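**Q** Right, I'll just put the structure down here and ask away after.
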Amino acid sequence: MRNWDYRYSWLRDAAFTIYALMTLGFLEEAAAFMEWIERRCESATLERDIMIMYTVDGSDKIPEQVLDHLDGYMGSRPVRIGNNAVGQRQLDVYGEIMDSVYLYNREVPISYSLWDALSKRLDWLADHWEEPDEGVWEVRGPRQRFTYSTLMTWVAFERAGRIA
């Protein structure tokens, strides 16, 4: 059994978060989350594109440490804090982001600045979608091609087309 630290804002969960907030009528909270996503897109660079997770305040500094003095659930070891998966390339995240933006945009039109920030991420994805990644399973070995990553890349562009 593995013990991973999942106390972070995973962009993969963005679509579920937006859907839940909108369904429950929390439009202000959904808008705030969209602004949070926009800031993550704006902080991405060609060298270091969007990360798969962030701290709640938006930092991507999540170093992993092993706590040898602790036992995990039912004695499993090692216990970790932080998560080195933050530096992994997981291409599926673009599909989840675009799906969340699409869901939000159905109810509240997105801002031009958000669209501009997303367009830059989609440009990056268009250049890199065929490259291997670590995938949704956080493989800690050589990068591979994953069907799920390819499918979610398609979702990213399909949702962008619907928004446009």
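Residue numbering restarts at 1 in every chain; chains get A, B, ... in the order shown in the structure tokens, and ligands count up from 1 in that same order.
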With only C-alpha atoms as the counted atoms, please give the residues lying no more than 10 Å from range 42-50 of chain A, apart from itself and same-chain residues fewer than 5 positions off, as a ChimeraX atom specification.
**A** /A:11,36-37,58,60,86-87,89-91,93-94,113-114,116-118,120-121,124-125
**Q** Please produce, as CSV, a per-residue contact table for range 8-107 of chain A versus range 140-161 of chain A (criterion: any atom at most 10 Å away, only C-alpha atoms considered), showing the nearest atom pair and its distance in Å to one decimal, sorted by chain then residue number.
**A**
```
residue,atom,partner,partner_atom,distance
A:Asn84,CA,A:Arg140,CA,9.4
A:Ala85,CA,A:Arg140,CA,8.3
A:Gln88,CA,A:Arg140,CA,8.9
A:Arg89,CA,A:Arg143,CA,8.5
A:Gln90,CA,A:Ser149,CA,7.1
A:Leu91,CA,A:Ser149,CA,5.3
A:Asp92,CA,A:Ser149,CA,4.4
A:Val93,CA,A:Met152,CA,7.4
A:Tyr94,CA,A:Ala156,CA,5.7
A:Gly95,CA,A:Ala156,CA,3.9
A:Glu96,CA,A:Met152,CA,7.1
A:Ile97,CA,A:Ala156,CA,7.5
A:Met98,CA,A:Ala156,CA,5.1
A:Asp99,CA,A:Arg159,CA,6.1
A:Ser100,CA,A:Arg159,CA,9.2
A:Val101,CA,A:Arg159,CA,8.3
A:Tyr102,CA,A:Arg159,CA,6.0
A:Leu103,CA,A:Arg159,CA,9.2
```
**Q** One number please: CA of Ala30 in chain A to CA of Tyr104 in chain A, in Å, one decimal.
**A**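 Pair CA of Ala30 in chain A / CA of Tyr104 in chain A returns 7.6 Å.
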**Q** Can you pull out every residue from range 10-134 of chain A that DSSP, working from the backbone, puts in helix (DSSP H, G or I), and format the result as a PyMOL selection string?
**A** chain A and resi 11-23+27-43+73-75+84-87+92-107+112-128
**Q** Mind pulling up the distance from CA of Glu134 in chain A to CA of Asp68 in chain A?
**A**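 Computing it gives 26.1 Å between the two atoms.
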